[in-house]
file input16.pdb (PDB, C-alpha atoms, pLDDT in the B column)
ATOM      1  CA  MET A 250       0.000   0.000   0.000  1.00 55.00           C
ATOM      2  CA  ASN A 251       2.613   2.535  -1.063  1.00 67.00           C
ATOM      3  CA  THR A 252       0.575   4.518  -3.556  1.00 81.00           C
ATOM      4  CA  HIS A 253      -1.042   7.918  -3.120  1.00 87.00           C
ATOM      5  CA  PRO A 254       0.267   8.645   0.403  1.00 90.00           C
ATOM      6  CA  TYR A 255      -0.942  12.254   0.299  1.00 93.00           C
ATOM      7  CA  LEU A 256      -4.458  11.192  -0.659  1.00 93.00           C
ATOM      8  CA  ARG A 257      -4.474   8.785   2.295  1.00 92.00           C
ATOM      9  CA  ALA A 258      -3.122  11.536   4.563  1.00 93.00           C
ATOM     10  CA  TYR A 259      -5.886  13.878   3.409  1.00 95.00           C
ATOM     11  CA  LEU A 260      -8.573  11.249   4.058  1.00 94.00           C
ATOM     12  CA  ALA A 261      -7.169  10.480   7.518  1.00 93.00           C
ATOM     13  CA  GLY A 262      -7.094  14.212   8.247  1.00 93.00           C
ATOM     14  CA  ILE A 263     -10.703  14.933   7.316  1.00 94.00           C
ATOM     15  CA  PHE A 264     -12.053  11.961   9.303  1.00 93.00           C
ATOM     16  CA  VAL A 265     -12.785  13.807  12.569  1.00 92.00           C
ATOM     17  CA  PRO A 266     -14.418  16.941  11.079  1.00 91.00           C
ATOM     18  CA  THR A 267     -16.517  14.662   8.864  1.00 92.00           C
ATOM     19  CA  LEU A 268     -17.809  12.854  11.959  1.00 91.00           C
ATOM     20  CA  VAL A 269     -18.654  16.176  13.619  1.00 87.00           C
ATOM     21  CA  LEU A 270     -20.625  17.476  10.609  1.00 87.00           C
ATOM     22  CA  PRO A 271     -23.797  15.424  11.284  1.00 88.00           C
ATOM     23  CA  LEU A 272     -23.828  16.745  14.869  1.00 86.00           C
ATOM     24  CA  ILE A 273     -23.662  20.305  13.552  1.00 84.00           C
ATOM     25  CA  LEU A 274     -26.457  19.541  11.088  1.00 86.00           C
ATOM     26  CA  ILE A 275     -28.593  18.137  13.920  1.00 88.00           C
ATOM     27  CA  VAL A 276     -28.047  21.374  15.880  1.00 83.00           C
ATOM     28  CA  TYR A 277     -28.887  23.397  12.765  1.00 83.00           C
ATOM     29  CA  ILE A 278     -32.096  21.463  12.016  1.00 86.00           C
ATOM     30  CA  THR A 279     -33.192  21.615  15.647  1.00 87.00           C
ATOM     31  CA  VAL A 280     -32.519  25.322  16.115  1.00 82.00           C
ATOM     32  CA  ARG A 281     -33.592  26.621  12.739  1.00 82.00           C
ATOM     33  CA  LEU A 282     -36.298  24.253  11.511  1.00 83.00           C
ATOM     34  CA  VAL A 283     -37.763  22.652  14.651  1.00 86.00           C
ATOM     35  CA  LEU A 284     -37.514  25.501  17.168  1.00 85.00           C
ATOM     36  CA  ALA A 285     -37.686  28.171  14.406  1.00 82.00           C
ATOM     37  CA  GLU A 286     -35.252  30.410  16.305  1.00 78.00           C
ATOM     38  CA  PRO A 287     -34.387  33.628  14.469  1.00 76.00           C
ATOM     39  CA  PHE A 288     -30.575  33.110  14.730  1.00 73.00           C
ATOM     40  CA  PRO A 289     -28.779  33.169  11.344  1.00 74.00           C
ATOM     41  CA  ILE A 290     -27.213  29.821  12.271  1.00 76.00           C
ATOM     42  CA  GLU A 291     -26.625  28.815   8.643  1.00 78.00           C
ATOM     43  CA  ARG A 292     -23.831  31.407   8.539  1.00 80.00           C
ATOM     44  CA  PHE A 293     -22.268  29.514  11.451  1.00 79.00           C
ATOM     45  CA  LEU A 294     -22.014  26.414   9.232  1.00 82.00           C
ATOM     46  CA  ILE A 295     -19.692  27.919   6.622  1.00 84.00           C
ATOM     47  CA  PHE A 296     -16.462  27.503   8.582  1.00 86.00           C
ATOM     48  CA  PRO A 297     -16.982  24.015  10.107  1.00 87.00           C
ATOM     49  CA  MET A 298     -18.456  22.571   6.907  1.00 87.00           C
ATOM     50  CA  SER A 299     -16.040  23.958   4.356  1.00 86.00           C
ATOM     51  CA  VAL A 300     -12.827  25.228   5.941  1.00 90.00           C
ATOM     52  CA  VAL A 301     -12.198  22.889   8.899  1.00 92.00           C
ATOM     53  CA  PRO A 302     -12.210  19.551   6.986  1.00 93.00           C
ATOM     54  CA  THR A 303      -9.969  21.009   4.300  1.00 93.00           C
ATOM     55  CA  LEU A 304      -7.647  22.469   6.923  1.00 94.00           C
ATOM     56  CA  PHE A 305      -7.384  19.114   8.732  1.00 94.00           C
ATOM     57  CA  GLY A 306      -6.721  17.247   5.473  1.00 95.00           C
ATOM     58  CA  LEU A 307      -4.095  19.686   4.257  1.00 96.00           C
ATOM     59  CA  TRP A 308      -2.456  19.841   7.700  1.00 95.00           C
ATOM     60  CA  ASN A 309      -2.072  16.046   7.717  1.00 95.00           C
ATOM     61  CA  MET A 310      -0.604  16.159   4.207  1.00 95.00           C
ATOM     62  CA  LEU A 311       1.844  18.796   5.446  1.00 95.00           C
ATOM     63  CA  TYR A 312       2.650  16.579   8.438  1.00 94.00           C
ATOM     64  CA  LEU A 313       3.434  13.697   6.096  1.00 93.00           C
ATOM     65  CA  ALA A 314       5.607  15.911   3.896  1.00 92.00           C
ATOM     66  CA  SER A 315       7.550  17.485   6.767  1.00 91.00           C
ATOM     67  CA  HIS A 316       7.770  14.636   9.290  1.00 88.00           C
ATOM     68  CA  GLU A 317      11.104  13.285   8.019  1.00 88.00           C
ATOM     69  CA  ARG A 318      12.717  16.694   8.587  1.00 90.00           C
ATOM     70  CA  THR A 319      10.970  17.864  11.772  1.00 88.00           C
ATOM     71  CA  HIS A 320      10.364  14.534  13.612  1.00 87.00           C
ATOM     72  CA  LEU A 321       7.623  16.393  15.480  1.00 90.00           C
ATOM     73  CA  GLN A 322       5.157  14.183  17.362  1.00 92.00           C
ATOM     74  CA  ILE A 323       1.754  14.218  15.627  1.00 92.00           C
ATOM     75  CA  GLY A 324      -0.074  15.408  18.763  1.00 92.00           C
ATOM     76  CA  LEU A 325       2.155  18.466  19.020  1.00 93.00           C
ATOM     77  CA  TYR A 326       1.850  19.023  15.288  1.00 93.00           C
ATOM     78  CA  GLY A 327      -1.944  19.019  15.616  1.00 93.00           C
ATOM     79  CA  ALA A 328      -1.749  21.353  18.614  1.00 94.00           C
ATOM     80  CA  ILE A 329      -0.163  23.983  16.342  1.00 94.00           C
ATOM     81  CA  LEU A 330      -3.245  23.999  14.087  1.00 93.00           C
ATOM     82  CA  PRO A 331      -5.448  26.161  16.390  1.00 93.00           C
ATOM     83  CA  PHE A 332      -2.894  28.973  16.008  1.00 94.00           C
ATOM     84  CA  LEU A 333      -3.859  28.983  12.324  1.00 92.00           C
ATOM     85  CA  GLY A 334      -7.466  27.837  12.614  1.00 90.00           C
ATOM     86  CA  ALA A 335      -8.653  30.093  15.451  1.00 89.00           C
ATOM     87  CA  PRO A 336      -7.854  33.420  13.728  1.00 90.00           C
ATOM     88  CA  THR A 337      -9.194  32.046  10.435  1.00 90.00           C
ATOM     89  CA  GLY A 338     -12.436  30.941  12.116  1.00 88.00           C
ATOM     90  CA  ALA A 339     -12.807  34.286  13.877  1.00 87.00           C
ATOM     91  CA  LEU A 340     -12.179  36.101  10.594  1.00 90.00           C
ATOM     92  CA  VAL A 341     -14.803  34.027   8.774  1.00 89.00           C
ATOM     93  CA  ALA A 342     -17.306  34.471  11.641  1.00 87.00           C
ATOM     94  CA  HIS A 343     -16.682  38.231  11.661  1.00 87.00           C
ATOM     95  CA  SER A 344     -16.990  38.502   7.876  1.00 89.00           C
ATOM     96  CA  VAL A 345     -20.374  36.684   7.832  1.00 86.00           C
ATOM     97  CA  GLY A 346     -21.645  38.841  10.701  1.00 83.00           C
ATOM     98  CA  ILE A 347     -22.006  36.319  13.512  1.00 82.00           C
ATOM     99  CA  LEU A 348     -19.044  37.618  15.560  1.00 83.00           C
ATOM    100  CA  GLN A 349     -18.512  41.218  16.644  1.00 85.00           C
ATOM    101  CA  LEU A 350     -15.440  42.522  18.457  1.00 85.00           C
ATOM    102  CA  ASP A 351     -15.551  45.189  21.175  1.00 84.00           C
ATOM    103  CA  ALA A 352     -13.164  46.525  23.820  1.00 82.00           C
ATOM    104  CA  SER A 353     -13.880  43.877  26.445  1.00 82.00           C
ATOM    105  CA  GLY A 354     -14.560  40.778  24.386  1.00 83.00           C
ATOM    106  CA  VAL A 355     -16.483  39.297  21.461  1.00 84.00           C
ATOM    107  CA  ILE A 356     -20.226  39.033  20.857  1.00 83.00           C
ATOM    108  CA  TRP A 357     -21.666  35.918  19.157  1.00 78.00           C
ATOM    109  CA  PHE A 358     -24.970  36.280  17.294  1.00 73.00           C
ATOM    110  CA  ASN A 359     -25.412  39.784  18.788  1.00 74.00           C
ATOM    111  CA  THR A 360     -26.421  38.148  22.086  1.00 76.00           C
ATOM    112  CA  CYS A 361     -23.679  36.110  23.749  1.00 78.00           C
ATOM    113  CA  HIS A 362     -20.825  38.263  25.120  1.00 81.00           C
ATOM    114  CA  VAL A 363     -17.556  36.414  25.801  1.00 81.00           C
ATOM    115  CA  PRO A 364     -14.736  38.324  27.573  1.00 84.00           C
ATOM    116  CA  TYR A 365     -11.202  38.067  26.153  1.00 84.00           C
ATOM    117  CA  ALA A 366      -9.936  36.282  29.315  1.00 84.00           C
ATOM    118  CA  LEU A 367     -12.422  33.488  28.707  1.00 84.00           C
ATOM    119  CA  ILE A 368     -11.362  33.320  25.062  1.00 85.00           C
ATOM    120  CA  GLY A 369      -7.802  32.699  26.283  1.00 87.00           C
ATOM    121  CA  VAL A 370      -8.992  29.757  28.396  1.00 87.00           C
ATOM    122  CA  GLY A 371     -11.094  28.508  25.479  1.00 86.00           C
ATOM    123  CA  PHE A 372      -8.111  28.738  23.152  1.00 89.00           C
ATOM    124  CA  LEU A 373      -5.963  26.665  25.526  1.00 92.00           C
ATOM    125  CA  ALA A 374      -8.796  24.112  25.746  1.00 91.00           C
ATOM    126  CA  GLY A 375      -8.909  24.058  21.949  1.00 91.00           C
ATOM    127  CA  VAL A 376      -5.171  23.438  21.770  1.00 94.00           C
ATOM    128  CA  ALA A 377      -5.581  20.558  24.254  1.00 94.00           C
ATOM    129  CA  ALA A 378      -8.521  19.112  22.287  1.00 93.00           C
ATOM    130  CA  TYR A 379      -6.599  19.303  19.019  1.00 93.00           C
ATOM    131  CA  TYR A 380      -3.568  17.697  20.678  1.00 94.00           C
ATOM    132  CA  LEU A 381      -5.682  14.731  21.809  1.00 94.00           C
ATOM    133  CA  VAL A 382      -7.584  14.406  18.535  1.00 94.00           C
ATOM    134  CA  TRP A 383      -4.415  14.446  16.467  1.00 94.00           C
ATOM    135  CA  LYS A 384      -2.433  12.165  18.755  1.00 93.00           C
ATOM    136  CA  TYR A 385      -5.072   9.486  19.227  1.00 92.00           C
ATOM    137  CA  ILE A 386      -7.392   9.650  16.215  1.00 93.00           C
ATOM    138  CA  VAL A 387      -5.470  11.097  13.274  1.00 93.00           C
ATOM    139  CA  GLY A 388      -2.261   9.393  14.425  1.00 92.00           C
ATOM    140  CA  TYR A 389      -4.064   6.066  14.715  1.00 90.00           C
ATOM    141  CA  LEU A 390      -5.622   6.448  11.261  1.00 91.00           C
ATOM    142  CA  ASN A 391      -2.228   7.353   9.811  1.00 91.00           C
ATOM    143  CA  ARG A 392      -0.789   4.132  11.230  1.00 88.00           C
ATOM    144  CA  VAL A 393      -3.710   2.054   9.938  1.00 87.00           C
ATOM    145  CA  LEU A 394      -3.322   3.594   6.486  1.00 87.00           C
ATOM    146  CA  GLY A 395       0.396   2.840   6.509  1.00 84.00           C
ATOM    147  CA  LEU A 396       1.588   6.424   6.892  1.00 83.00           C
ATOM    148  CA  GLY A 397       3.051   6.440  10.389  1.00 71.00           C
TER     149      GLY A 397
ATOM    150  CA  MET B 226     -35.478  14.659 -36.067  1.00 65.00           C
ATOM    151  CA  ASN B 227     -35.735  18.455 -35.879  1.00 78.00           C
ATOM    152  CA  GLN B 228     -32.971  21.043 -35.612  1.00 80.00           C
ATOM    153  CA  ASP B 229     -33.048  21.128 -31.765  1.00 82.00           C
ATOM    154  CA  ASP B 230     -32.727  17.340 -31.504  1.00 84.00           C
ATOM    155  CA  ARG B 231     -29.789  17.360 -33.933  1.00 85.00           C
ATOM    156  CA  GLU B 232     -27.996  20.084 -31.893  1.00 85.00           C
ATOM    157  CA  LEU B 233     -28.646  18.175 -28.680  1.00 85.00           C
ATOM    158  CA  ARG B 234     -27.249  15.006 -30.231  1.00 86.00           C
ATOM    159  CA  ASN B 235     -24.160  16.874 -31.467  1.00 87.00           C
ATOM    160  CA  ASP B 236     -23.656  18.370 -28.009  1.00 89.00           C
ATOM    161  CA  GLU B 237     -23.908  14.925 -26.416  1.00 91.00           C
ATOM    162  CA  GLN B 238     -21.378  13.477 -28.839  1.00 90.00           C
ATOM    163  CA  ARG B 239     -19.013  16.404 -28.256  1.00 92.00           C
ATOM    164  CA  TRP B 240     -19.323  15.953 -24.482  1.00 92.00           C
ATOM    165  CA  LYS B 241     -18.725  12.218 -24.820  1.00 91.00           C
ATOM    166  CA  ALA B 242     -15.578  12.827 -26.873  1.00 90.00           C
ATOM    167  CA  LEU B 243     -14.341  15.425 -24.372  1.00 92.00           C
ATOM    168  CA  VAL B 244     -14.921  13.144 -21.381  1.00 90.00           C
ATOM    169  CA  GLU B 245     -13.233  10.196 -23.124  1.00 88.00           C
ATOM    170  CA  ARG B 246     -10.237  12.381 -23.965  1.00 87.00           C
ATOM    171  CA  ALA B 247     -10.014  13.757 -20.401  1.00 89.00           C
ATOM    172  CA  LEU B 248     -10.435  10.367 -18.699  1.00 86.00           C
ATOM    173  CA  PRO B 249      -8.378   7.703 -20.468  1.00 80.00           C
ATOM    174  CA  PRO B 250      -9.551   4.103 -19.972  1.00 79.00           C
ATOM    175  CA  VAL B 251      -8.273   2.353 -16.848  1.00 78.00           C
ATOM    176  CA  PRO B 252      -5.662  -0.309 -17.734  1.00 77.00           C
ATOM    177  CA  ALA B 253      -6.736  -3.881 -17.080  1.00 74.00           C
ATOM    178  CA  ASP B 254      -3.811  -4.549 -14.683  1.00 75.00           C
ATOM    179  CA  SER B 255      -4.489  -1.524 -12.457  1.00 74.00           C
ATOM    180  CA  GLU B 256      -6.158  -3.608  -9.738  1.00 76.00           C
ATOM    181  CA  PRO B 257      -4.027  -4.363  -6.642  1.00 74.00           C
ATOM    182  CA  LYS B 258      -2.242  -7.711  -6.788  1.00 77.00           C
ATOM    183  CA  CYS B 259      -3.807  -8.850  -3.511  1.00 80.00           C
ATOM    184  CA  ASP B 260      -6.717  -7.993  -1.227  1.00 83.00           C
ATOM    185  CA  LEU B 261      -5.647  -4.945   0.832  1.00 79.00           C
ATOM    186  CA  TRP B 262      -8.301  -5.209   3.538  1.00 84.00           C
ATOM    187  CA  PRO B 263      -6.486  -7.986   5.511  1.00 85.00           C
ATOM    188  CA  VAL B 264      -3.416  -5.697   5.593  1.00 82.00           C
ATOM    189  CA  VAL B 265      -5.534  -2.897   7.089  1.00 81.00           C
ATOM    190  CA  LEU B 266      -7.071  -5.326   9.615  1.00 84.00           C
ATOM    191  CA  ALA B 267      -3.601  -6.545  10.594  1.00 84.00           C
ATOM    192  CA  ARG B 268      -2.521  -2.949  11.200  1.00 81.00           C
ATOM    193  CA  ILE B 269      -5.636  -2.274  13.313  1.00 81.00           C
ATOM    194  CA  HIS B 270      -4.885  -5.279  15.525  1.00 82.00           C
ATOM    195  CA  ALA B 271      -1.099  -4.952  15.447  1.00 79.00           C
ATOM    196  CA  GLU B 272      -0.490  -2.533  18.299  1.00 71.00           C
ATOM    197  CA  PRO B 273      -2.978  -1.515  20.980  1.00 74.00           C
ATOM    198  CA  VAL B 274      -3.216   2.230  21.565  1.00 75.00           C
ATOM    199  CA  THR B 275      -1.421   3.169  24.769  1.00 80.00           C
ATOM    200  CA  SER B 276      -2.142   6.409  26.553  1.00 82.00           C
ATOM    201  CA  HIS B 277      -0.115   8.580  28.931  1.00 86.00           C
ATOM    202  CA  TRP B 278      -1.488   9.781  32.310  1.00 90.00           C
ATOM    203  CA  PHE B 279      -1.010  13.383  31.135  1.00 91.00           C
ATOM    204  CA  ASP B 280      -3.402  12.818  28.233  1.00 90.00           C
ATOM    205  CA  TRP B 281      -6.030  11.400  30.599  1.00 92.00           C
ATOM    206  CA  ALA B 282      -5.611  14.478  32.827  1.00 93.00           C
ATOM    207  CA  LEU B 283      -5.986  16.722  29.780  1.00 92.00           C
ATOM    208  CA  LEU B 284      -9.144  14.887  28.682  1.00 92.00           C
ATOM    209  CA  SER B 285     -10.568  15.110  32.208  1.00 93.00           C
ATOM    210  CA  ALA B 286      -9.870  18.852  32.315  1.00 92.00           C
ATOM    211  CA  LEU B 287     -11.672  19.283  28.974  1.00 91.00           C
ATOM    212  CA  ILE B 288     -14.696  17.306  30.205  1.00 92.00           C
ATOM    213  CA  VAL B 289     -14.811  19.397  33.407  1.00 92.00           C
ATOM    214  CA  LEU B 290     -14.578  22.597  31.347  1.00 88.00           C
ATOM    215  CA  VAL B 291     -17.464  21.507  29.100  1.00 88.00           C
ATOM    216  CA  ALA B 292     -19.512  20.491  32.173  1.00 90.00           C
ATOM    217  CA  ILE B 293     -18.889  23.847  33.886  1.00 89.00           C
ATOM    218  CA  CYS B 294     -19.385  25.882  30.733  1.00 83.00           C
ATOM    219  CA  PRO B 295     -21.739  24.072  28.295  1.00 82.00           C
ATOM    220  CA  THR B 296     -21.800  27.129  26.045  1.00 77.00           C
ATOM    221  CA  SER B 297     -18.292  26.080  24.969  1.00 79.00           C
ATOM    222  CA  ILE B 298     -19.793  23.084  23.098  1.00 81.00           C
ATOM    223  CA  PRO B 299     -20.828  25.118  20.008  1.00 77.00           C
ATOM    224  CA  VAL B 300     -17.328  26.630  19.933  1.00 78.00           C
ATOM    225  CA  PHE B 301     -15.780  23.146  19.921  1.00 81.00           C
ATOM    226  CA  LEU B 302     -18.222  22.103  17.177  1.00 80.00           C
ATOM    227  CA  TYR B 303     -17.292  25.235  15.236  1.00 79.00           C
ATOM    228  CA  TYR B 304     -13.589  24.398  15.263  1.00 79.00           C
ATOM    229  CA  LEU B 305     -13.802  20.610  14.801  1.00 76.00           C
TER     230      LEU B 305
END
call {"tool": "encode", "arguments": {"input": "input16.pdb", "output": "structure tokens"}}
result
Amino acid sequence: MNTHPYLRAYLAGIFVPTLVLPLILIVYITVRLVLAEPFPIERFLIFPMSVVPTLFGLWNMLYLASHERTHLQIGLYGAILPFLGAPTGALVAHSVGILQLDASGVIWFNTCHVPYALIGVGFLAGVAAYYLVWKYIVGYLNRVLGLG
Amino acid sequence: MNQDDRELRNDEQRWKALVERALPPVPADSEPKCDLWPVVLARIHAEPVTSHWFDWALLSALIVLVAICPTSIPVFLYYL
């Protein structure tokens, strides 16, 4: 199984976001169609449905390409991704109008105010979550697909 | 056959020619020499996943954070 290693790396990378997508769709259907809440939640879907899977796939391809030089553990490699993904996600959310910035924090959907200190804690939690996901799920899939 | 039908037929033939030119036929010997699924199964069962105590602590901290602050769940869904 030595053919198309980058295709296999991409598929292993997009596995986790692809599993999360149905959960997001359930939330969307419940909030928008069942409860008929007036939140523009479909704008929320743009980043997790289009950017995140691609980012995970490309990041795993980059891991495969650079691993021989860097010898970085895959968990740590995945933990770097939030430093790229978090600003990108915030930028997308801001550009579609679901995230506003003010002096003390950010406002989601014009209702939920989150102070910057809490964002710092959330970012660290995100780094930890990515570390675990990449170490145990993406790393495992890489080994199963003959990449690790 | 009227003019519209003839144009449609020409379009179909042109598309068919374009697709055939873009996608050459798959060679007969392009199949793998052996069944690859047993190899994948062997890899799955080869080495059990071992975890470090630090990773368990990290996972516990994340679960506690989500329990204390359930509003963080949509944020996790947004970034995963």
call {"tool": "residues_around", "arguments": {"input": "input16.pdb", "residues": "Leu396 (chain A)", "least_positions_apart": "5", "cutoff": "10 Å", "atoms": "only C-alpha atoms", "output": "MDAnalysis selection string"}}
result
chainID A and resid 250:251 254:255 257:258 261 313 388:391
call {"tool": "resolve_selection", "arguments": {"input": "input16.pdb", "expression": "the ChimeraX specification (/B :<7) & /A", "output": "list in words"}}
result
Pro266, Val269, Ile273, Pro297, Val301, Ala374, Ala377, Val393 and Leu394 of chain A
call {"tool": "atom_distance", "arguments": {"input": "input16.pdb", "atom1": "CA of Val276 (chain A)", "atom2": "CA of Phe296 (chain A)"}}
result
15.0 Å
call {"tool": "axis_aligned_box", "arguments": {"input": "input16.pdb", "around": "region 289-293 of chain A", "padding_each_side": "8 Å", "output": "JSON"}}
result
{"center_x": -25.5, "center_y": 31.0, "center_z": 10.4, "size_x": 22.5, "size_y": 20.4, "size_z": 19.7}
call {"tool": "resolve_selection", "arguments": {"input": "input16.pdb", "expression": "the PyMOL selection byres ((chain A and resi 359) around 10)", "output": "list in words"}}
result
Phe288, Gly346, Ile347, Leu348, Gln349, Val355, Ile356, Trp357, Phe358, Thr360, Cys361 and His362 of chain A
call {"tool": "residues_around", "arguments": {"input": "input16.pdb", "residues": "Pro331 (chain A)", "least_positions_apart": "4", "cutoff": "7 Å", "atoms": "all atoms listed in the file", "output": "list in words"}}
result
Ala335, Gly375 and Val376 of chain A
call {"tool": "residues_around", "arguments": {"input": "input16.pdb", "residues": "region 316-327 of chain A", "least_positions_apart": "3", "cutoff": "6 Å", "atoms": "all atoms listed in the file", "output": "PyMOL selection string"}}
result
chain A and resi 312-313+330+379-380+383-384
call {"tool": "atom_distance", "arguments": {"input": "input16.pdb", "atom1": "CA of Ala342 (chain A)", "atom2": "CA of Ile295 (chain A)"}}
result
8.6 Å
call {"tool": "atom_distance", "arguments": {"input": "input16.pdb", "atom1": "CA of Ala378 (chain A)", "atom2": "CA of Ala282 (chain B)"}}
result
11.9 Å
call {"tool": "residues_around", "arguments": {"input": "input16.pdb", "residues": "Ile290 (chain A)", "least_positions_apart": "6", "cutoff": "8 Å", "atoms": "all atoms listed in the file", "output": "ChimeraX atom specification"}}
result
/A:277,280-281
